[in-house]
file work00.pdb (PDB, C-alpha atoms)
ATOM      1  CA  MET A  13      21.073  36.475  35.133  1.00  0.00           C
ATOM      2  CA  LEU A  14      22.026  34.893  31.828  1.00  0.00           C
ATOM      3  CA  THR A  15      25.055  32.668  31.325  1.00  0.00           C
ATOM      4  CA  ILE A  16      24.704  31.984  27.598  1.00  0.00           C
ATOM      5  CA  ARG A  17      25.535  34.748  25.127  1.00  0.00           C
ATOM      6  CA  PHE A  18      22.464  34.742  22.941  1.00  0.00           C
ATOM      7  CA  ASP A  19      24.070  36.880  20.262  1.00  0.00           C
ATOM      8  CA  ARG A  20      26.136  33.780  19.389  1.00  0.00           C
ATOM      9  CA  LEU A  21      22.981  31.831  18.543  1.00  0.00           C
ATOM     10  CA  ARG A  22      21.075  32.069  15.275  1.00  0.00           C
ATOM     11  CA  LEU A  23      17.598  32.832  16.592  1.00  0.00           C
ATOM     12  CA  GLY A  24      14.678  34.004  14.480  1.00  0.00           C
ATOM     13  CA  PRO A  25      10.887  33.851  14.559  1.00  0.00           C
ATOM     14  CA  ASP A  26      10.968  30.419  12.894  1.00  0.00           C
ATOM     15  CA  SER A  27      13.576  28.988  15.288  1.00  0.00           C
ATOM     16  CA  LEU A  28      12.480  26.216  17.644  1.00  0.00           C
ATOM     17  CA  VAL A  29      14.642  26.008  20.773  1.00  0.00           C
ATOM     18  CA  LEU A  30      14.804  23.292  23.428  1.00  0.00           C
ATOM     19  CA  ASP A  31      15.976  24.212  26.931  1.00  0.00           C
ATOM     20  CA  VAL A  32      17.028  20.940  28.617  1.00  0.00           C
ATOM     21  CA  GLY A  33      17.041  21.167  32.394  1.00  0.00           C
ATOM     22  CA  ALA A  34      15.382  24.559  32.194  1.00  0.00           C
ATOM     23  CA  GLY A  35      15.080  24.922  35.968  1.00  0.00           C
ATOM     24  CA  PHE A  36      12.966  27.968  36.735  1.00  0.00           C
ATOM     25  CA  GLY A  37      13.273  29.091  33.113  1.00  0.00           C
ATOM     26  CA  ARG A  38      15.715  32.020  33.025  1.00  0.00           C
ATOM     27  CA  HIS A  39      17.187  31.076  29.632  1.00  0.00           C
ATOM     28  CA  ALA A  40      13.862  29.870  28.215  1.00  0.00           C
ATOM     29  CA  PHE A  41      12.345  33.256  29.042  1.00  0.00           C
ATOM     30  CA  GLU A  42      15.126  35.021  27.135  1.00  0.00           C
ATOM     31  CA  VAL A  43      14.554  32.817  24.080  1.00  0.00           C
ATOM     32  CA  ALA A  44      10.878  33.835  24.044  1.00  0.00           C
ATOM     33  CA  ARG A  45      11.753  37.514  24.594  1.00  0.00           C
ATOM     34  CA  ARG A  46      13.982  37.355  21.522  1.00  0.00           C
ATOM     35  CA  GLY A  47      11.084  36.125  19.427  1.00  0.00           C
ATOM     36  CA  ALA A  48      11.971  32.454  18.950  1.00  0.00           C
ATOM     37  CA  ARG A  49       9.746  29.528  19.967  1.00  0.00           C
ATOM     38  CA  VAL A  50      10.872  27.566  23.018  1.00  0.00           C
ATOM     39  CA  VAL A  51      10.213  24.261  24.744  1.00  0.00           C
ATOM     40  CA  ALA A  52      11.280  24.213  28.404  1.00  0.00           C
ATOM     41  CA  LEU A  53      11.943  20.735  29.836  1.00  0.00           C
ATOM     42  CA  ASP A  54      12.987  19.767  33.349  1.00  0.00           C
ATOM     43  CA  TYR A  55      12.806  16.662  35.527  1.00  0.00           C
ATOM     44  CA  ALA A  56      11.642  18.540  38.651  1.00  0.00           C
ATOM     45  CA  ALA A  57       7.860  18.922  38.706  1.00  0.00           C
ATOM     46  CA  ASP A  58       7.902  22.034  40.913  1.00  0.00           C
ATOM     47  CA  GLU A  59      10.272  23.851  38.563  1.00  0.00           C
ATOM     48  CA  VAL A  60       8.176  22.911  35.530  1.00  0.00           C
ATOM     49  CA  SER A  61       5.086  24.269  37.283  1.00  0.00           C
ATOM     50  CA  ALA A  62       6.822  27.499  38.296  1.00  0.00           C
ATOM     51  CA  THR A  63       8.171  28.033  34.772  1.00  0.00           C
ATOM     52  CA  GLY A  64       4.718  27.544  33.284  1.00  0.00           C
ATOM     53  CA  ASP A  65       3.244  30.048  35.759  1.00  0.00           C
ATOM     54  CA  THR A  66       5.927  32.621  34.945  1.00  0.00           C
ATOM     55  CA  PHE A  67       5.379  32.199  31.211  1.00  0.00           C
ATOM     56  CA  GLY A  68       1.662  32.772  31.796  1.00  0.00           C
ATOM     57  CA  ALA A  69       2.376  35.963  33.731  1.00  0.00           C
ATOM     58  CA  MET A  70       4.738  37.195  31.011  1.00  0.00           C
ATOM     59  CA  VAL A  71       2.093  36.631  28.345  1.00  0.00           C
ATOM     60  CA  ALA A  72      -0.519  38.421  30.471  1.00  0.00           C
ATOM     61  CA  ALA A  73       1.849  41.363  30.940  1.00  0.00           C
ATOM     62  CA  GLY A  74       2.541  41.576  27.212  1.00  0.00           C
ATOM     63  CA  GLU A  75       6.231  40.743  27.641  1.00  0.00           C
ATOM     64  CA  ILE A  76       6.100  37.823  25.195  1.00  0.00           C
ATOM     65  CA  ALA A  77       3.620  36.445  22.667  1.00  0.00           C
ATOM     66  CA  ALA A  78       1.764  33.293  23.649  1.00  0.00           C
ATOM     67  CA  ASP A  79       2.780  31.505  20.442  1.00  0.00           C
ATOM     68  CA  ARG A  80       6.461  31.762  21.455  1.00  0.00           C
ATOM     69  CA  ILE A  81       5.844  29.084  24.120  1.00  0.00           C
ATOM     70  CA  ALA A  82       5.914  25.746  22.339  1.00  0.00           C
ATOM     71  CA  GLY A  83       5.768  23.694  25.523  1.00  0.00           C
ATOM     72  CA  VAL A  84       6.663  23.427  29.214  1.00  0.00           C
ATOM     73  CA  LEU A  85       6.979  19.828  30.323  1.00  0.00           C
ATOM     74  CA  ARG A  86       8.546  17.349  32.687  1.00  0.00           C
ATOM     75  CA  GLY A  87      10.918  14.886  31.054  1.00  0.00           C
ATOM     76  CA  ASP A  88      14.071  12.805  31.301  1.00  0.00           C
ATOM     77  CA  ALA A  89      17.109  14.335  29.603  1.00  0.00           C
ATOM     78  CA  THR A  90      18.537  10.860  28.928  1.00  0.00           C
ATOM     79  CA  ALA A  91      15.454   9.957  26.843  1.00  0.00           C
ATOM     80  CA  LEU A  92      14.091  13.150  25.320  1.00  0.00           C
ATOM     81  CA  PRO A  93      10.460  12.816  24.152  1.00  0.00           C
ATOM     82  CA  PHE A  94      11.093  14.355  20.730  1.00  0.00           C
ATOM     83  CA  GLY A  95      11.825  13.061  17.259  1.00  0.00           C
ATOM     84  CA  ASP A  96      15.182  13.207  15.526  1.00  0.00           C
ATOM     85  CA  GLU A  97      16.270  16.596  14.148  1.00  0.00           C
ATOM     86  CA  SER A  98      13.396  18.530  15.766  1.00  0.00           C
ATOM     87  CA  PHE A  99      15.156  21.659  17.049  1.00  0.00           C
ATOM     88  CA  ASP A 100      17.209  24.487  15.579  1.00  0.00           C
ATOM     89  CA  VAL A 101      18.946  25.230  18.887  1.00  0.00           C
ATOM     90  CA  VAL A 102      19.369  23.218  22.098  1.00  0.00           C
ATOM     91  CA  ILE A 103      20.524  24.892  25.294  1.00  0.00           C
ATOM     92  CA  THR A 104      21.317  23.472  28.710  1.00  0.00           C
ATOM     93  CA  SER A 105      22.607  25.409  31.692  1.00  0.00           C
ATOM     94  CA  GLU A 106      24.151  24.007  34.900  1.00  0.00           C
ATOM     95  CA  MET A 107      22.477  20.629  34.431  1.00  0.00           C
ATOM     96  CA  LEU A 108      25.065  18.156  33.117  1.00  0.00           C
ATOM     97  CA  GLU A 109      27.033  18.164  36.388  1.00  0.00           C
ATOM     98  CA  HIS A 110      23.934  16.755  38.147  1.00  0.00           C
ATOM     99  CA  VAL A 111      23.464  13.768  35.819  1.00  0.00           C
ATOM    100  CA  GLN A 112      25.262  10.438  36.202  1.00  0.00           C
ATOM    101  CA  ASP A 113      24.928   9.503  32.529  1.00  0.00           C
ATOM    102  CA  ASP A 114      25.975  12.784  30.936  1.00  0.00           C
ATOM    103  CA  THR A 115      27.103  11.110  27.713  1.00  0.00           C
ATOM    104  CA  SER A 116      23.548   9.867  27.107  1.00  0.00           C
ATOM    105  CA  VAL A 117      22.198  13.373  27.684  1.00  0.00           C
ATOM    106  CA  LEU A 118      24.644  14.848  25.178  1.00  0.00           C
ATOM    107  CA  ALA A 119      23.792  12.118  22.673  1.00  0.00           C
ATOM    108  CA  GLU A 120      20.085  12.857  23.066  1.00  0.00           C
ATOM    109  CA  MET A 121      20.590  16.591  22.607  1.00  0.00           C
ATOM    110  CA  ALA A 122      22.626  15.929  19.465  1.00  0.00           C
ATOM    111  CA  ARG A 123      19.936  13.540  18.205  1.00  0.00           C
ATOM    112  CA  VAL A 124      17.109  16.079  18.435  1.00  0.00           C
ATOM    113  CA  LEU A 125      19.222  18.872  16.938  1.00  0.00           C
ATOM    114  CA  LYS A 126      18.807  19.604  13.230  1.00  0.00           C
ATOM    115  CA  PRO A 127      21.876  19.410  10.971  1.00  0.00           C
ATOM    116  CA  GLY A 128      23.496  22.839  11.136  1.00  0.00           C
ATOM    117  CA  GLY A 129      21.774  23.501  14.473  1.00  0.00           C
ATOM    118  CA  GLN A 130      23.532  24.862  17.527  1.00  0.00           C
ATOM    119  CA  LEU A 131      24.120  23.656  21.071  1.00  0.00           C
ATOM    120  CA  ALA A 132      24.955  25.953  23.985  1.00  0.00           C
ATOM    121  CA  ALA A 133      25.881  24.173  27.216  1.00  0.00           C
ATOM    122  CA  THR A 134      27.093  25.608  30.519  1.00  0.00           C
ATOM    123  CA  VAL A 135      28.694  23.830  33.484  1.00  0.00           C
ATOM    124  CA  PRO A 136      30.541  24.967  36.621  1.00  0.00           C
ATOM    125  CA  SER A 137      34.165  25.853  35.844  1.00  0.00           C
ATOM    126  CA  TRP A 138      36.877  23.509  37.073  1.00  0.00           C
ATOM    127  CA  PHE A 139      38.873  25.716  39.485  1.00  0.00           C
ATOM    128  CA  PRO A 140      35.968  27.446  41.291  1.00  0.00           C
ATOM    129  CA  GLU A 141      34.234  24.090  41.623  1.00  0.00           C
ATOM    130  CA  ILE A 142      37.348  22.399  43.039  1.00  0.00           C
ATOM    131  CA  VAL A 143      37.479  25.095  45.734  1.00  0.00           C
ATOM    132  CA  ASN A 144      33.805  24.572  46.578  1.00  0.00           C
ATOM    133  CA  TRP A 145      34.233  20.812  46.941  1.00  0.00           C
ATOM    134  CA  LYS A 146      37.312  21.209  49.147  1.00  0.00           C
ATOM    135  CA  LEU A 147      35.635  23.780  51.394  1.00  0.00           C
ATOM    136  CA  SER A 148      32.516  21.717  52.063  1.00  0.00           C
ATOM    137  CA  ASP A 149      31.400  18.126  51.661  1.00  0.00           C
ATOM    138  CA  ASP A 150      27.837  19.400  52.027  1.00  0.00           C
ATOM    139  CA  TYR A 151      28.040  21.259  48.693  1.00  0.00           C
ATOM    140  CA  HIS A 152      27.892  18.227  46.407  1.00  0.00           C
ATOM    141  CA  ALA A 153      26.619  14.661  46.048  1.00  0.00           C
ATOM    142  CA  PRO A 154      26.264  12.295  47.797  1.00  0.00           C
ATOM    143  CA  ALA A 155      25.700  14.606  50.782  1.00  0.00           C
ATOM    144  CA  VAL A 156      23.276  16.645  48.672  1.00  0.00           C
ATOM    145  CA  PRO A 157      20.653  14.500  46.902  1.00  0.00           C
ATOM    146  CA  GLY A 158      20.580  15.564  43.271  1.00  0.00           C
ATOM    147  CA  GLY A 159      23.740  17.607  43.786  1.00  0.00           C
ATOM    148  CA  HIS A 160      26.831  17.875  41.620  1.00  0.00           C
ATOM    149  CA  VAL A 161      28.286  14.467  40.798  1.00  0.00           C
ATOM    150  CA  ARG A 162      31.404  15.578  38.896  1.00  0.00           C
ATOM    151  CA  ILE A 163      33.780  18.446  38.259  1.00  0.00           C
ATOM    152  CA  TYR A 164      34.351  19.083  34.569  1.00  0.00           C
ATOM    153  CA  ALA A 165      37.728  19.867  33.131  1.00  0.00           C
ATOM    154  CA  LYS A 166      37.286  22.007  30.025  1.00  0.00           C
ATOM    155  CA  THR A 167      38.923  19.347  27.857  1.00  0.00           C
ATOM    156  CA  GLU A 168      36.645  16.614  29.238  1.00  0.00           C
ATOM    157  CA  LEU A 169      33.379  18.266  28.296  1.00  0.00           C
ATOM    158  CA  ALA A 170      34.748  19.360  24.921  1.00  0.00           C
ATOM    159  CA  ALA A 171      35.683  15.740  24.191  1.00  0.00           C
ATOM    160  CA  LYS A 172      32.230  14.490  25.232  1.00  0.00           C
ATOM    161  CA  ILE A 173      30.509  17.048  23.017  1.00  0.00           C
ATOM    162  CA  ARG A 174      32.654  15.937  20.067  1.00  0.00           C
ATOM    163  CA  SER A 175      31.909  12.289  20.846  1.00  0.00           C
ATOM    164  CA  ALA A 176      28.207  13.127  20.558  1.00  0.00           C
ATOM    165  CA  GLY A 177      28.890  14.141  16.957  1.00  0.00           C
ATOM    166  CA  LEU A 178      29.053  17.911  17.362  1.00  0.00           C
ATOM    167  CA  HIS A 179      31.740  20.425  16.413  1.00  0.00           C
ATOM    168  CA  VAL A 180      32.879  22.692  19.265  1.00  0.00           C
ATOM    169  CA  ASP A 181      32.871  26.294  18.018  1.00  0.00           C
ATOM    170  CA  GLY A 182      34.111  28.098  21.103  1.00  0.00           C
ATOM    171  CA  THR A 183      33.949  28.636  24.855  1.00  0.00           C
ATOM    172  CA  HIS A 184      33.996  31.422  27.411  1.00  0.00           C
ATOM    173  CA  ARG A 185      33.732  31.886  31.168  1.00  0.00           C
ATOM    174  CA  ALA A 186      30.957  33.789  32.967  1.00  0.00           C
ATOM    175  CA  HIS A 187      30.022  35.116  36.409  1.00  0.00           C
ATOM    176  CA  GLY A 188      33.392  36.062  37.876  1.00  0.00           C
ATOM    177  CA  LEU A 189      31.695  37.829  40.793  1.00  0.00           C
ATOM    178  CA  HIS A 190      29.762  34.688  41.720  1.00  0.00           C
ATOM    179  CA  SER A 191      32.670  32.363  42.523  1.00  0.00           C
ATOM    180  CA  PRO A 192      33.675  34.213  45.719  1.00  0.00           C
ATOM    181  CA  TYR A 193      30.034  34.134  46.814  1.00  0.00           C
ATOM    182  CA  TRP A 194      29.949  30.335  46.583  1.00  0.00           C
ATOM    183  CA  TRP A 195      33.354  30.012  48.250  1.00  0.00           C
ATOM    184  CA  LEU A 196      31.924  32.039  51.121  1.00  0.00           C
ATOM    185  CA  ARG A 197      28.782  29.903  51.192  1.00  0.00           C
ATOM    186  CA  CYS A 198      30.839  26.712  51.343  1.00  0.00           C
ATOM    187  CA  ALA A 199      33.171  28.145  54.011  1.00  0.00           C
ATOM    188  CA  VAL A 200      30.312  28.986  56.406  1.00  0.00           C
ATOM    189  CA  GLY A 201      28.187  25.995  55.386  1.00  0.00           C
ATOM    190  CA  PRO A 202      26.095  25.848  52.182  1.00  0.00           C
ATOM    191  CA  SER A 203      22.831  25.676  54.118  1.00  0.00           C
ATOM    192  CA  ASP A 204      23.548  28.847  56.132  1.00  0.00           C
ATOM    193  CA  GLU A 205      21.981  31.313  53.726  1.00  0.00           C
ATOM    194  CA  GLN A 206      21.353  33.845  56.516  1.00  0.00           C
ATOM    195  CA  HIS A 207      24.970  34.200  57.617  1.00  0.00           C
ATOM    196  CA  PRO A 208      25.625  37.993  57.745  1.00  0.00           C
ATOM    197  CA  LEU A 209      28.480  37.843  55.233  1.00  0.00           C
ATOM    198  CA  VAL A 210      26.448  35.681  52.853  1.00  0.00           C
ATOM    199  CA  VAL A 211      23.488  38.070  53.094  1.00  0.00           C
ATOM    200  CA  LYS A 212      25.699  41.095  52.338  1.00  0.00           C
ATOM    201  CA  TYR A 213      27.348  39.436  49.338  1.00  0.00           C
ATOM    202  CA  ARG A 214      24.000  38.238  47.992  1.00  0.00           C
ATOM    203  CA  ARG A 215      22.654  41.790  48.209  1.00  0.00           C
ATOM    204  CA  LEU A 216      25.677  42.980  46.236  1.00  0.00           C
ATOM    205  CA  LEU A 217      24.975  40.428  43.495  1.00  0.00           C
ATOM    206  CA  GLU A 218      21.279  41.306  43.400  1.00  0.00           C
ATOM    207  CA  TRP A 219      22.146  45.014  43.162  1.00  0.00           C
ATOM    208  CA  ASP A 220      24.588  44.258  40.362  1.00  0.00           C
ATOM    209  CA  ILE A 221      22.002  42.259  38.384  1.00  0.00           C
ATOM    210  CA  ILE A 222      19.407  45.043  38.678  1.00  0.00           C
ATOM    211  CA  GLU A 223      21.568  48.157  38.349  1.00  0.00           C
ATOM    212  CA  ARG A 224      24.432  46.854  36.172  1.00  0.00           C
ATOM    213  CA  PRO A 225      26.849  49.628  37.219  1.00  0.00           C
ATOM    214  CA  ARG A 226      29.974  50.250  35.202  1.00  0.00           C
ATOM    215  CA  THR A 227      32.294  49.323  38.094  1.00  0.00           C
ATOM    216  CA  THR A 228      30.983  45.782  38.425  1.00  0.00           C
ATOM    217  CA  ARG A 229      30.771  45.368  34.634  1.00  0.00           C
ATOM    218  CA  VAL A 230      34.491  46.119  34.456  1.00  0.00           C
ATOM    219  CA  ALA A 231      35.171  43.778  37.368  1.00  0.00           C
ATOM    220  CA  GLU A 232      33.194  41.036  35.657  1.00  0.00           C
ATOM    221  CA  ARG A 233      35.159  41.408  32.414  1.00  0.00           C
ATOM    222  CA  VAL A 234      38.417  41.117  34.347  1.00  0.00           C
ATOM    223  CA  LEU A 235      37.404  38.292  36.684  1.00  0.00           C
ATOM    224  CA  ALA A 236      35.288  36.083  34.412  1.00  0.00           C
ATOM    225  CA  PRO A 237      38.171  34.701  32.300  1.00  0.00           C
ATOM    226  CA  VAL A 238      40.085  33.860  35.486  1.00  0.00           C
ATOM    227  CA  ILE A 239      37.568  32.719  38.109  1.00  0.00           C
ATOM    228  CA  GLY A 240      34.255  32.705  36.236  1.00  0.00           C
ATOM    229  CA  LYS A 241      31.826  30.376  38.017  1.00  0.00           C
ATOM    230  CA  SER A 242      30.538  28.907  34.731  1.00  0.00           C
ATOM    231  CA  THR A 243      32.091  27.759  31.472  1.00  0.00           C
ATOM    232  CA  VAL A 244      29.947  27.957  28.334  1.00  0.00           C
ATOM    233  CA  PHE A 245      30.450  25.738  25.276  1.00  0.00           C
ATOM    234  CA  TYR A 246      29.011  26.440  21.826  1.00  0.00           C
ATOM    235  CA  ALA A 247      28.798  23.651  19.249  1.00  0.00           C
ATOM    236  CA  THR A 248      27.241  22.908  15.870  1.00  0.00           C
ATOM    237  CA  LYS A 249      25.799  19.718  14.435  1.00  0.00           C
ATOM    238  CA  PRO A 250      27.419  19.051  11.045  1.00  0.00           C
ATOM    239  CA  THR A 251      25.226  19.078   7.991  1.00  0.00           C
ATOM    240  CA  LYS A 252      24.869  15.876   6.021  1.00  0.00           C
ATOM    241  CA  ASP A 253      27.471  16.936   3.447  1.00  0.00           C
ATOM    242  CA  GLN A 254      30.123  17.816   6.039  1.00  0.00           C
TER
END
call {"tool": "encode", "arguments": {"input": "work00.pdb", "output": "structure tokens"}}
result
Amino acid sequence: MLTIRFDRLRLGPDSLVLDVGAGFGRHAFEVARRGARVVALDYAADEVSATGDTFGAMVAAGEIAADRIAGVLRGDATALPFGDESFDVVITSEMLEHVQDDTSVLAEMARVLKPGGQLAATVPSWFPEIVNWKLSDDYHAPAVPGGHVRIYAKTELAAKIRSAGLHVDGTHRAHGLHSPYWWLRCAVGPSDEQHPLVVKYRRLLEWDIIERPRTTRVAERVLAPVIGKSTVFYATKPTKDQ
């Protein structure tokens, strides 16, 4: 399940992409599938290990070429272990809301981005997230260690991206069918993943991801701009003559 629209990114065989807070690698895998080179970085050791294992399995299955994997490593997003202007594209998905010092993370991502390079960043959308927080205190920090520490207004994150020295090119919402799922989860208790209603809704989402029927595609197009679970920002680092 991808949140970023990769057709908005300029990816080619010579592109080097950094996925900050890669998690279990869903966006990093797509970068490699599209033929660009990718570095997947996350702070959680278990997720780094799982991403590396999945990349290995994809190479063995012939799904991607081994040279498309430039690195899978554990690292701190507030102090990225890369030189200035190293990457053509930087992506980060559903990570900034977990970090106390998000301005430092954005500054670091801008630092390692080449002039003219692109950033794609996703965070939970304001309204769906407000509902989640109101329905359950167990959904977010401090009740959940490492959980969400803030709710982003669209204007807030746009301003922080600009303050990092990047130009915001556009935004969109994604995953309209997923907001009701999380509202349900929060209503019954976020830890109750086996509640019958939660199980039925999760099966619907899994079926939708695999089968991609026309009915749910239409529903997604209608619902995403209104209640999309995620908001995606695209930005560009100015060139030196801009």
call {"tool": "resolve_selection", "arguments": {"input": "work00.pdb", "expression": "the PyMOL selection byres ((chain A and resi 237) around 8)", "output": "PyMOL selection string"}}
result
chain A and resi 184-186+188+233-236+238-240
call {"tool": "resolve_selection", "arguments": {"input": "work00.pdb", "expression": "the PyMOL selection byres ((chain A and resi 123) around 10)", "output": "list in words"}}
result
Leu92, Phe94, Gly95, Asp96, Glu97, Ser98, Phe99, Val117, Leu118, Ala119, Glu120, Met121, Ala122, Val124, Leu125, Lys126, Pro127, Ala176, Gly177 and Lys249 of chain A
call {"tool": "axis_aligned_box", "arguments": {"input": "work00.pdb", "around": "stretch 212-228 of chain A", "padding_each_side": "5 Å", "output": "lines of an AutoDock Vina configuration file"}}
result
center_x = 25.9
center_y = 44.2
center_z = 43.8
size_x = 22.9
size_y = 22.0
size_z = 27.1
call {"tool": "resolve_selection", "arguments": {"input": "work00.pdb", "expression": "the PyMOL selection byres ((chain A and resi 148) around 12)", "output": "list in words"}}
result
Glu141, Ile142, Val143, Asn144, Trp145, Lys146, Leu147, Asp149, Asp150, Tyr151, His152, Ala153, Ala155, Val156, Trp194, Trp195, Leu196, Arg197, Cys198, Ala199, Val200, Gly201, Pro202 and Ser203 of chain A
call {"tool": "closest_residue", "arguments": {"input": "work00.pdb", "among": "A:Gln130, A:Thr228, A:Thr248, A:Ser61", "to": "A:Val180", "atoms": "all atoms listed in the file"}}
result
A:Thr248
call {"tool": "closest_residue", "arguments": {"input": "work00.pdb", "among": "A:Val43, A:Gly87, A:Arg174, A:Tyr193", "to": "A:Lys212", "atoms": "all atoms listed in the file"}}
result
A:Tyr193
call {"tool": "atom_distance", "arguments": {"input": "work00.pdb", "atom1": "atom CA of A:Val102", "atom2": "atom CA of A:Asp31"}}
result
6.0 Å
call {"tool": "closest_residue", "arguments": {"input": "work00.pdb", "among": "A:Arg20, A:His179, A:Arg86, A:Arg215", "to": "A:Gly33", "atoms": "all atoms listed in the file"}}
result
A:Arg86
call {"tool": "atom_distance", "arguments": {"input": "work00.pdb", "atom1": "atom CA of A:Glu109", "atom2": "atom CA of A:Gly64"}}
result
24.4 Å
call {"tool": "closest_residue", "arguments": {"input": "work00.pdb", "among": "A:Ala247, A:Thr66, A:Arg46, A:Asp204", "to": "A:Lys172", "atoms": "all atoms listed in the file"}}
result
A:Ala247
call {"tool": "atom_distance", "arguments": {"input": "work00.pdb", "atom1": "atom CA of A:Ile16", "atom2": "atom CA of A:Gln206"}}
result
29.2 Å
call {"tool": "closest_residue", "arguments": {"input": "work00.pdb", "among": "A:Thr183, A:Val60, A:Met70, A:Ile173", "to": "A:Thr115", "atoms": "all atoms listed in the file"}}
result
A:Ile173
call {"tool": "closest_residue", "arguments": {"input": "work00.pdb", "among": "A:His39, A:Arg49, A:His110, A:His160", "to": "A:Asp26", "atoms": "all atoms listed in the file"}}
result
A:Arg49
call {"tool": "residues_around", "arguments": {"input": "work00.pdb", "residues": "A:Asp19", "least_positions_apart": "3", "cutoff": "12 Å", "atoms": "all atoms listed in the file", "output": "ChimeraX atom specification"}}
result
/A:14-16,22-24,42-43,46,132,246
